[in-house]
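**Q** I am sharing start-v5.pdb, which consists of PDB, N, CA and C atoms:
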```pdb
ATOM      1  N   MET U   1     145.445 179.665  63.531
ATOM      2  CA  MET U   1     145.272 178.249  63.814
ATOM      3  C   MET U   1     146.297 177.403  63.055
ATOM      4  N   GLN U   2     146.575 177.778  61.795
ATOM      5  CA  GLN U   2     147.516 177.006  60.993
ATOM      6  C   GLN U   2     148.934 177.096  61.551
ATOM      7  N   ARG U   3     149.329 178.251  62.083
ATOM      8  CA  ARG U   3     150.672 178.423  62.638
ATOM      9  C   ARG U   3     150.888 177.476  63.831
ATOM     10  N   ARG U   4     149.848 177.211  64.543
ATOM     11  CA  ARG U   4     149.943 176.359  65.714
ATOM     12  C   ARG U   4     150.311 174.930  65.336
ATOM     13  N   PHE U   5     149.816 174.457  64.200
ATOM     14  CA  PHE U   5     150.074 173.088  63.781
ATOM     15  C   PHE U   5     151.302 172.966  62.892
ATOM     16  N   GLN U   6     151.848 174.069  62.431
ATOM     17  CA  GLN U   6     152.991 174.026  61.520
ATOM     18  C   GLN U   6     154.198 173.298  62.135
ATOM     19  N   PRO U   7     154.632 173.596  63.376
ATOM     20  CA  PRO U   7     155.778 172.868  63.939
ATOM     21  C   PRO U   7     155.504 171.366  64.040
ATOM     22  N   LEU U   8     154.285 170.990  64.375
ATOM     23  CA  LEU U   8     153.942 169.576  64.466
ATOM     24  C   LEU U   8     154.021 168.917  63.094
ATOM     25  N   THR U   9     153.516 169.591  62.072
ATOM     26  CA  THR U   9     153.553 169.060  60.717
ATOM     27  C   THR U   9     154.998 168.874  60.257
ATOM     28  N   VAL U  10     155.844 169.853  60.521
ATOM     29  CA  VAL U  10     157.257 169.770  60.147
ATOM     30  C   VAL U  10     157.928 168.612  60.891
ATOM     31  N   ALA U  11     157.643 168.470  62.163
ATOM     32  CA  ALA U  11     158.245 167.406  62.965
ATOM     33  C   ALA U  11     157.828 166.023  62.461
ATOM     34  N   VAL U  12     156.560 165.865  62.134
ATOM     35  CA  VAL U  12     156.075 164.584  61.623
ATOM     36  C   VAL U  12     156.714 164.273  60.278
ATOM     37  N   ALA U  13     156.763 165.246  59.388
ATOM     38  CA  ALA U  13     157.366 165.034  58.071
ATOM     39  C   ALA U  13     158.843 164.703  58.193
ATOM     40  N   LEU U  14     159.551 165.396  59.051
ATOM     41  CA  LEU U  14     160.973 165.143  59.255
ATOM     42  C   LEU U  14     161.197 163.749  59.838
ATOM     43  N   SER U  15     160.379 163.359  60.793
ATOM     44  CA  SER U  15     160.486 162.023  61.383
ATOM     45  C   SER U  15     160.249 160.937  60.340
ATOM     46  N   ALA U  16     159.245 161.130  59.508
ATOM     47  CA  ALA U  16     158.954 160.146  58.454
ATOM     48  C   ALA U  16     160.111 160.048  57.480
ATOM     49  N   ALA U  17     160.708 161.173  57.109
ATOM     50  CA  ALA U  17     161.842 161.165  56.185
ATOM     51  C   ALA U  17     163.039 160.440  56.790
ATOM     52  N   ILE U  18     163.304 160.654  58.065
ATOM     53  CA  ILE U  18     164.435 160.001  58.730
ATOM     54  C   ILE U  18     164.213 158.494  58.808
ATOM     55  N   VAL U  19     163.026 158.079  59.201
ATOM     56  CA  VAL U  19     162.726 156.645  59.298
ATOM     57  C   VAL U  19     162.860 155.986  57.922
ATOM     58  N   THR U  20     162.360 156.636  56.883
ATOM     59  CA  THR U  20     162.460 156.090  55.530
ATOM     60  C   THR U  20     163.915 155.988  55.105
ATOM     61  N   ALA U  21     164.694 157.007  55.356
ATOM     62  CA  ALA U  21     166.107 157.003  54.970
ATOM     63  C   ALA U  21     166.878 155.907  55.691
ATOM     64  N   LEU U  22     166.572 155.683  56.954
ATOM     65  CA  LEU U  22     167.267 154.645  57.709
ATOM     66  C   LEU U  22     166.889 153.243  57.247
ATOM     67  N   ALA U  23     165.710 153.081  56.695
ATOM     68  CA  ALA U  23     165.244 151.769  56.262
ATOM     69  C   ALA U  23     165.811 151.361  54.908
ATOM     70  N   LEU U  24     166.309 152.319  54.113
ATOM     71  CA  LEU U  24     166.816 152.016  52.778
ATOM     72  C   LEU U  24     168.252 151.525  52.838
ATOM     73  N   PRO U  25     168.630 150.578  51.942
ATOM     74  CA  PRO U  25     170.017 150.147  51.898
ATOM     75  C   PRO U  25     170.900 151.301  51.422
ATOM     76  N   THR U  26     172.144 151.296  51.863
ATOM     77  CA  THR U  26     173.058 152.364  51.464
ATOM     78  C   THR U  26     174.290 151.777  50.794
ATOM     79  N   HIS U  27     175.014 152.628  50.081
ATOM     80  CA  HIS U  27     176.286 152.213  49.510
ATOM     81  C   HIS U  27     177.367 153.158  50.013
ATOM     82  N   ALA U  28     178.525 153.149  49.412
ATOM     83  CA  ALA U  28     179.704 153.851  49.914
ATOM     84  C   ALA U  28     179.436 155.310  50.296
ATOM     85  N   GLY U  29     178.635 156.034  49.546
ATOM     86  CA  GLY U  29     178.380 157.439  49.836
ATOM     87  C   GLY U  29     177.388 157.661  50.954
ATOM     88  N   GLY U  30     176.839 156.603  51.539
ATOM     89  CA  GLY U  30     175.864 156.732  52.595
ATOM     90  C   GLY U  30     174.456 156.969  52.090
ATOM     91  N   GLN U  31     174.272 157.048  50.780
ATOM     92  CA  GLN U  31     172.960 157.258  50.178
ATOM     93  C   GLN U  31     172.451 155.938  49.613
ATOM     94  N   PRO U  32     171.115 155.779  49.502
ATOM     95  CA  PRO U  32     170.605 154.568  48.866
ATOM     96  C   PRO U  32     171.069 154.525  47.414
ATOM     97  N   PRO U  33     171.425 153.347  46.903
ATOM     98  CA  PRO U  33     171.839 153.249  45.498
ATOM     99  C   PRO U  33     170.711 153.729  44.583
ATOM    100  N   MET U  34     171.084 154.524  43.597
ATOM    101  CA  MET U  34     170.134 155.045  42.623
ATOM    102  C   MET U  34     170.568 154.634  41.225
ATOM    103  N   TYR U  35     169.592 154.484  40.359
ATOM    104  CA  TYR U  35     169.853 154.191  38.951
ATOM    105  C   TYR U  35     169.188 155.272  38.116
ATOM    106  N   GLY U  36     169.554 155.337  36.866
ATOM    107  CA  GLY U  36     169.053 156.351  35.959
ATOM    108  C   GLY U  36     170.181 157.276  35.559
ATOM    109  N   LYS U  37     169.858 158.271  34.745
ATOM    110  CA  LYS U  37     170.873 159.207  34.266
ATOM    111  C   LYS U  37     172.056 158.453  33.669
ATOM    112  N   GLY U  38     171.744 157.443  32.829
ATOM    113  CA  GLY U  38     172.781 156.667  32.164
ATOM    114  C   GLY U  38     173.250 155.446  32.927
ATOM    115  N   GLN U  39     172.732 155.218  34.114
ATOM    116  CA  GLN U  39     173.125 154.061  34.922
ATOM    117  C   GLN U  39     171.955 153.100  35.045
ATOM    118  N   PRO U  40     172.113 151.842  35.032
ATOM    119  CA  PRO U  40     173.365 151.109  34.932
ATOM    120  C   PRO U  40     173.901 151.129  33.501
ATOM    121  N   ALA U  41     175.212 151.247  33.374
ATOM    122  CA  ALA U  41     175.818 151.270  32.047
ATOM    123  C   ALA U  41     175.809 149.880  31.419
ATOM    124  N   SER U  42     175.747 148.862  32.273
ATOM    125  CA  SER U  42     175.690 147.479  31.777
ATOM    126  C   SER U  42     174.904 146.631  32.767
ATOM    127  N   ILE U  43     174.523 145.457  32.333
ATOM    128  CA  ILE U  43     173.764 144.540  33.192
ATOM    129  C   ILE U  43     174.581 144.170  34.428
ATOM    130  N   GLU U  44     175.880 144.080  34.274
ATOM    131  CA  GLU U  44     176.748 143.679  35.382
ATOM    132  C   GLU U  44     176.728 144.681  36.536
ATOM    133  N   GLU U  45     176.297 145.910  36.284
ATOM    134  CA  GLU U  45     176.221 146.915  37.348
ATOM    135  C   GLU U  45     174.982 146.750  38.220
ATOM    136  N   LEU U  46     174.055 145.894  37.804
ATOM    137  CA  LEU U  46     172.870 145.606  38.619
ATOM    138  C   LEU U  46     173.219 144.525  39.628
ATOM    139  N   PRO U  47     172.605 144.567  40.805
ATOM    140  CA  PRO U  47     172.867 143.500  41.779
ATOM    141  C   PRO U  47     172.304 142.172  41.270
ATOM    142  N   PRO U  48     172.916 141.067  41.662
ATOM    143  CA  PRO U  48     172.349 139.769  41.277
ATOM    144  C   PRO U  48     170.913 139.663  41.772
ATOM    145  N   GLY U  49     170.070 139.063  40.957
ATOM    146  CA  GLY U  49     168.676 138.902  41.351
ATOM    147  C   GLY U  49     167.764 138.735  40.157
ATOM    148  N   ARG U  50     166.486 138.857  40.422
ATOM    149  CA  ARG U  50     165.450 138.598  39.432
ATOM    150  C   ARG U  50     165.564 139.492  38.202
ATOM    151  N   ILE U  51     165.782 140.797  38.374
ATOM    152  CA  ILE U  51     165.844 141.722  37.231
ATOM    153  C   ILE U  51     167.070 141.429  36.376
ATOM    154  N   ARG U  52     168.189 141.230  37.002
ATOM    155  CA  ARG U  52     169.413 140.913  36.244
ATOM    156  C   ARG U  52     169.251 139.598  35.488
ATOM    157  N   ASP U  53     168.689 138.596  36.142
ATOM    158  CA  ASP U  53     168.447 137.305  35.475
ATOM    159  C   ASP U  53     167.506 137.476  34.289
ATOM    160  N   ARG U  54     166.465 138.275  34.470
ATOM    161  CA  ARG U  54     165.504 138.501  33.386
ATOM    162  C   ARG U  54     166.177 139.193  32.204
ATOM    163  N   LEU U  55     166.986 140.204  32.461
ATOM    164  CA  LEU U  55     167.698 140.887  31.384
ATOM    165  C   LEU U  55     168.582 139.915  30.615
ATOM    166  N   GLU U  56     169.273 139.058  31.329
ATOM    167  CA  GLU U  56     170.169 138.092  30.688
ATOM    168  C   GLU U  56     169.419 137.064  29.854
ATOM    169  N   SER U  57     168.140 136.850  30.153
ATOM    170  CA  SER U  57     167.358 135.853  29.420
ATOM    171  C   SER U  57     166.711 136.419  28.149
ATOM    172  N   LEU U  58     166.733 137.732  27.983
ATOM    173  CA  LEU U  58     166.079 138.369  26.828
ATOM    174  C   LEU U  58     166.928 138.260  25.567
ATOM    175  N   SER U  59     166.276 138.444  24.423
ATOM    176  CA  SER U  59     167.005 138.533  23.163
ATOM    177  C   SER U  59     167.891 139.779  23.216
ATOM    178  N   PRO U  60     168.947 139.839  22.411
ATOM    179  CA  PRO U  60     169.822 141.024  22.441
ATOM    180  C   PRO U  60     169.072 142.339  22.212
ATOM    181  N   ALA U  61     168.124 142.361  21.283
ATOM    182  CA  ALA U  61     167.385 143.600  21.010
ATOM    183  C   ALA U  61     166.522 143.996  22.204
ATOM    184  N   ALA U  62     165.826 143.043  22.801
ATOM    185  CA  ALA U  62     164.988 143.332  23.967
ATOM    186  C   ALA U  62     165.846 143.731  25.162
ATOM    187  N   ARG U  63     166.989 143.099  25.322
ATOM    188  CA  ARG U  63     167.908 143.425  26.416
ATOM    189  C   ARG U  63     168.396 144.869  26.282
ATOM    190  N   GLU U  64     168.750 145.264  25.073
ATOM    191  CA  GLU U  64     169.211 146.635  24.836
ATOM    192  C   GLU U  64     168.103 147.646  25.129
ATOM    193  N   ARG U  65     166.886 147.318  24.682
ATOM    194  CA  ARG U  65     165.750 148.212  24.929
ATOM    195  C   ARG U  65     165.484 148.354  26.425
ATOM    196  N   ALA U  66     165.505 147.247  27.166
ATOM    197  CA  ALA U  66     165.261 147.292  28.611
ATOM    198  C   ALA U  66     166.351 148.084  29.320
ATOM    199  N   LEU U  67     167.597 147.881  28.934
ATOM    200  CA  LEU U  67     168.691 148.616  29.556
ATOM    201  C   LEU U  67     168.564 150.116  29.282
ATOM    202  N   GLU U  68     168.156 150.479  28.069
ATOM    203  CA  GLU U  68     167.933 151.894  27.755
ATOM    204  C   GLU U  68     166.821 152.489  28.611
ATOM    205  N   TRP U  69     165.747 151.715  28.824
ATOM    206  CA  TRP U  69     164.663 152.180  29.700
ATOM    207  C   TRP U  69     165.194 152.417  31.111
ATOM    208  N   LEU U  70     165.958 151.461  31.634
ATOM    209  CA  LEU U  70     166.486 151.587  32.986
ATOM    210  C   LEU U  70     167.415 152.793  33.109
ATOM    211  N   GLN U  71     168.142 153.101  32.049
ATOM    212  CA  GLN U  71     169.052 154.250  32.076
ATOM    213  C   GLN U  71     168.304 155.577  32.025
ATOM    214  N   ARG U  72     167.124 155.591  31.419
ATOM    215  CA  ARG U  72     166.342 156.833  31.339
ATOM    216  C   ARG U  72     165.531 157.089  32.601
ATOM    217  N   LEU U  73     165.073 156.028  33.245
ATOM    218  CA  LEU U  73     164.314 156.181  34.486
ATOM    219  C   LEU U  73     165.264 156.593  35.602
ATOM    220  N   GLU U  74     164.739 157.221  36.622
ATOM    221  CA  GLU U  74     165.527 157.486  37.825
ATOM    222  C   GLU U  74     164.798 156.800  38.971
ATOM    223  N   PHE U  75     165.464 155.806  39.579
ATOM    224  CA  PHE U  75     164.792 155.006  40.600
ATOM    225  C   PHE U  75     165.805 154.458  41.597
ATOM    226  N   PRO U  76     165.363 154.244  42.845
ATOM    227  CA  PRO U  76     166.243 153.640  43.843
ATOM    228  C   PRO U  76     166.364 152.138  43.620
ATOM    229  N   ALA U  77     167.449 151.579  44.118
ATOM    230  CA  ALA U  77     167.685 150.139  43.976
ATOM    231  C   ALA U  77     166.541 149.321  44.567
ATOM    232  N   SER U  78     165.871 149.853  45.579
ATOM    233  CA  SER U  78     164.764 149.101  46.193
ATOM    234  C   SER U  78     163.617 148.864  45.209
ATOM    235  N   ASP U  79     163.506 149.695  44.164
ATOM    236  CA  ASP U  79     162.455 149.504  43.164
ATOM    237  C   ASP U  79     162.689 148.265  42.309
ATOM    238  N   LEU U  80     163.903 147.703  42.327
ATOM    239  CA  LEU U  80     164.165 146.492  41.552
ATOM    240  C   LEU U  80     163.242 145.353  41.995
ATOM    241  N   GLU U  81     162.744 145.431  43.216
ATOM    242  CA  GLU U  81     161.842 144.397  43.734
ATOM    243  C   GLU U  81     160.474 144.422  43.063
ATOM    244  N   VAL U  82     160.045 145.580  42.546
ATOM    245  CA  VAL U  82     158.712 145.692  41.957
ATOM    246  C   VAL U  82     158.730 145.968  40.452
ATOM    247  N   LEU U  83     159.918 146.100  39.870
ATOM    248  CA  LEU U  83     159.999 146.286  38.419
ATOM    249  C   LEU U  83     159.790 144.961  37.712
ATOM    250  N   GLN U  84     159.166 145.030  36.559
ATOM    251  CA  GLN U  84     158.968 143.864  35.696
ATOM    252  C   GLN U  84     159.510 144.212  34.317
ATOM    253  N   ILE U  85     159.946 143.216  33.571
ATOM    254  CA  ILE U  85     160.428 143.415  32.202
ATOM    255  C   ILE U  85     159.661 142.470  31.304
ATOM    256  N   ASP U  86     158.997 143.032  30.272
ATOM    257  CA  ASP U  86     158.253 142.167  29.357
ATOM    258  C   ASP U  86     159.192 141.589  28.295
ATOM    259  N   ASP U  87     158.653 140.721  27.433
ATOM    260  CA  ASP U  87     159.467 140.020  26.439
ATOM    261  C   ASP U  87     160.098 140.943  25.401
ATOM    262  N   GLN U  88     159.542 142.136  25.227
ATOM    263  CA  GLN U  88     160.083 143.084  24.257
ATOM    264  C   GLN U  88     161.081 144.060  24.902
ATOM    265  N   GLY U  89     161.308 143.957  26.208
ATOM    266  CA  GLY U  89     162.240 144.837  26.894
ATOM    267  C   GLY U  89     161.582 146.054  27.519
ATOM    268  N   GLY U  90     160.261 146.079  27.563
ATOM    269  CA  GLY U  90     159.551 147.166  28.226
ATOM    270  C   GLY U  90     159.646 147.015  29.737
ATOM    271  N   ILE U  91     159.750 148.142  30.426
ATOM    272  CA  ILE U  91     159.862 148.153  31.885
ATOM    273  C   ILE U  91     158.558 148.669  32.477
ATOM    274  N   LEU U  92     158.085 148.007  33.526
ATOM    275  CA  LEU U  92     156.886 148.470  34.201
ATOM    276  C   LEU U  92     156.965 148.160  35.681
ATOM    277  N   TYR U  93     156.230 148.934  36.446
ATOM    278  CA  TYR U  93     156.110 148.688  37.876
ATOM    279  C   TYR U  93     154.905 147.789  38.101
ATOM    280  N   ALA U  94     155.053 146.796  38.964
ATOM    281  CA  ALA U  94     153.953 145.899  39.293
ATOM    282  C   ALA U  94     153.941 145.661  40.796
ATOM    283  N   ASP U  95     152.922 146.175  41.455
ATOM    284  CA  ASP U  95     152.786 145.934  42.882
ATOM    285  C   ASP U  95     152.345 144.501  43.102
ATOM    286  N   PRO U  96     152.970 143.812  44.041
ATOM    287  CA  PRO U  96     152.550 142.437  44.318
ATOM    288  C   PRO U  96     151.164 142.402  44.954
ATOM    289  N   MET U  97     150.445 141.343  44.681
ATOM    290  CA  MET U  97     149.122 141.154  45.289
ATOM    291  C   MET U  97     149.317 140.751  46.745
ATOM    292  N   PRO U  98     148.531 141.319  47.643
ATOM    293  CA  PRO U  98     148.629 140.880  49.038
ATOM    294  C   PRO U  98     148.074 139.464  49.150
ATOM    295  N   PRO U  99     148.529 138.726  50.145
ATOM    296  CA  PRO U  99     148.004 137.370  50.311
ATOM    297  C   PRO U  99     146.514 137.418  50.645
ATOM    298  N   PRO U 100     145.771 136.403  50.227
ATOM    299  CA  PRO U 100     144.336 136.397  50.535
ATOM    300  C   PRO U 100     144.109 136.278  52.042
ATOM    301  N   LEU U 101     143.033 136.886  52.497
ATOM    302  CA  LEU U 101     142.660 136.788  53.906
ATOM    303  C   LEU U 101     142.093 135.411  54.190
ATOM    304  N   PRO U 102     142.336 134.895  55.379
ATOM    305  CA  PRO U 102     141.675 133.640  55.753
ATOM    306  C   PRO U 102     140.166 133.833  55.730
ATOM    307  N   ASP U 103     139.423 132.773  55.520
ATOM    308  CA  ASP U 103     137.963 132.849  55.421
ATOM    309  C   ASP U 103     137.304 133.519  56.611
ATOM    310  N   ASP U 104     137.829 133.304  57.805
ATOM    311  CA  ASP U 104     137.181 133.886  58.987
ATOM    312  C   ASP U 104     137.459 135.377  59.150
ATOM    313  N   GLU U 105     138.366 135.985  58.391
ATOM    314  CA  GLU U 105     138.657 137.417  58.498
ATOM    315  C   GLU U 105     138.001 138.234  57.388
ATOM    316  N   ARG U 106     137.354 137.611  56.440
ATOM    317  CA  ARG U 106     136.700 138.342  55.348
ATOM    318  C   ARG U 106     135.384 138.941  55.848
ATOM    319  N   ASP U 107     135.041 140.094  55.286
ATOM    320  CA  ASP U 107     133.775 140.737  55.681
ATOM    321  C   ASP U 107     132.599 140.084  55.000
TER     322      ASP U 107
END
```
Render the structure in this file as structure tokens.
**A**
Amino acid sequence: MQRRFQPLTVAVALSAAIVTALALPTHAGGQPPMYGKGQPASIEELPPGRIRDRLESLSPAARERALEWLQRLEFPASDLEVLQIDDQGGILYADPMPPPLPDDERD
């Protein structure tokens, strides 16, 4: 019975991987930009936006700590949308809250 569903499972997984890959931004190598393993080497290597602005607003010690965290983590550029940086330079993931449902759609 399991052999019968194996091709379907492989096809679904492959389709999901392709759709996900096509949805991610790419850079020169055709792969989504990745950080970690010593990257970004400096704040200037991050794209302009909320995370870069936050790093620039930190004290030098907190900025260095946050940059070290970013260099140790391995994450795609798309994660910059959900990363947060605290005042001490700690990095954390924070999922945004979904908008509240209108009153007539609540159970």
**Q** Using all atoms listed in the file, which protein or nucleic acid residues come within 7 Å of Pro40 in chain U? Drop anything in the same chain fewer than 4 positions from it, and give the result as a PyMOL selection string.
**A** chain U and resi 34-36+45-46+67+70-71
**Q** So that I have them on file, write out the residues from the current selection with N, CA and C atoms, as a PDB file, in the frame of the given file.
**A**
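The new file selection.pdb reads:
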```
ATOM      1  N   MET U  34     171.084 154.524  43.597  1.00  0.00           N
ATOM      2  CA  MET U  34     170.134 155.045  42.623  1.00  0.00           C
ATOM      3  C   MET U  34     170.568 154.634  41.225  1.00  0.00           C
ATOM      4  N   TYR U  35     169.592 154.484  40.359  1.00  0.00           N
ATOM      5  CA  TYR U  35     169.853 154.191  38.951  1.00  0.00           C
ATOM      6  C   TYR U  35     169.188 155.272  38.116  1.00  0.00           C
ATOM      7  N   GLY U  36     169.554 155.337  36.866  1.00  0.00           N
ATOM      8  CA  GLY U  36     169.053 156.351  35.959  1.00  0.00           C
ATOM      9  C   GLY U  36     170.181 157.276  35.559  1.00  0.00           C
ATOM     10  N   GLU U  45     176.297 145.910  36.284  1.00  0.00           N
ATOM     11  CA  GLU U  45     176.221 146.915  37.348  1.00  0.00           C
ATOM     12  C   GLU U  45     174.982 146.750  38.220  1.00  0.00           C
ATOM     13  N   LEU U  46     174.055 145.894  37.804  1.00  0.00           N
ATOM     14  CA  LEU U  46     172.870 145.606  38.619  1.00  0.00           C
ATOM     15  C   LEU U  46     173.219 144.525  39.628  1.00  0.00           C
ATOM     16  N   LEU U  67     167.597 147.881  28.934  1.00  0.00           N
ATOM     17  CA  LEU U  67     168.691 148.616  29.556  1.00  0.00           C
ATOM     18  C   LEU U  67     168.564 150.116  29.282  1.00  0.00           C
ATOM     19  N   LEU U  70     165.958 151.461  31.634  1.00  0.00           N
ATOM     20  CA  LEU U  70     166.486 151.587  32.986  1.00  0.00           C
ATOM     21  C   LEU U  70     167.415 152.793  33.109  1.00  0.00           C
ATOM     22  N   GLN U  71     168.142 153.101  32.049  1.00  0.00           N
ATOM     23  CA  GLN U  71     169.052 154.250  32.076  1.00  0.00           C
ATOM     24  C   GLN U  71     168.304 155.577  32.025  1.00  0.00           C
TER      25      GLN U  71
END
```
**Q** As a list in words, which residues of range 59-91 of chain U does DSSP assign to strand (DSSP E)?
**A** Phe75, Pro76, Leu83, Gln84, Ile85 and Ile91 of chain U
**Q** With distances taken over all atoms listed in the file, which residue among U:Ile43, U:Ala94, U:Pro99, U:Arg72 lies nearest Leu55 in chain U?
**A**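 Among U:Ile43, U:Ala94, U:Pro99, U:Arg72, it is U:Ile43 that comes nearest to Leu55 in chain U.
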**Q** Just to confirm, what's the straight-line distance from atom N of Asp87 in chain U to CA of Leu58 in chain U in Å (one decimal)?
**A**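 Separation of atom N of Asp87 in chain U and CA of Leu58 in chain U: 7.8 Å.
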**Q** In Å to one decimal, how far is atom N of Leu101 in chain U from atom C of Asp79 in chain U?
**A**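 It comes out at 24.9 Å.
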**Q** Pull out every residue that the PyMOL selection byres (((chain U and resi 68 and name CA) around 10) and name CA) matches in the shown coordinates and put them as an MDAnalysis selection string.
**A** chainID U and resid 36 38:42 62:67 69:73 89:91
**Q** Have a look at CA of Tyr93 in chain U and CA of Gly49 in chain U and let me know their distance in Å, one decimal.
**A** 16.3 Å
**Q** Here is a test: counting only C-alpha atoms, which residue of U:Glu81, U:Asp95, U:Glu74, U:Asp103 is nearest to Pro47 in chain U?
**A** U:Glu81
**Q** Rank U:Gln88, U:Ile51, U:Phe75, U:Ala61 by their smallest atom-to-atom distance to Lys37 in chain U, using only N, CA and C atoms, and report the top residue only.
**A**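 Closest to Lys37 in chain U, using only N, CA and C atoms: U:Phe75.
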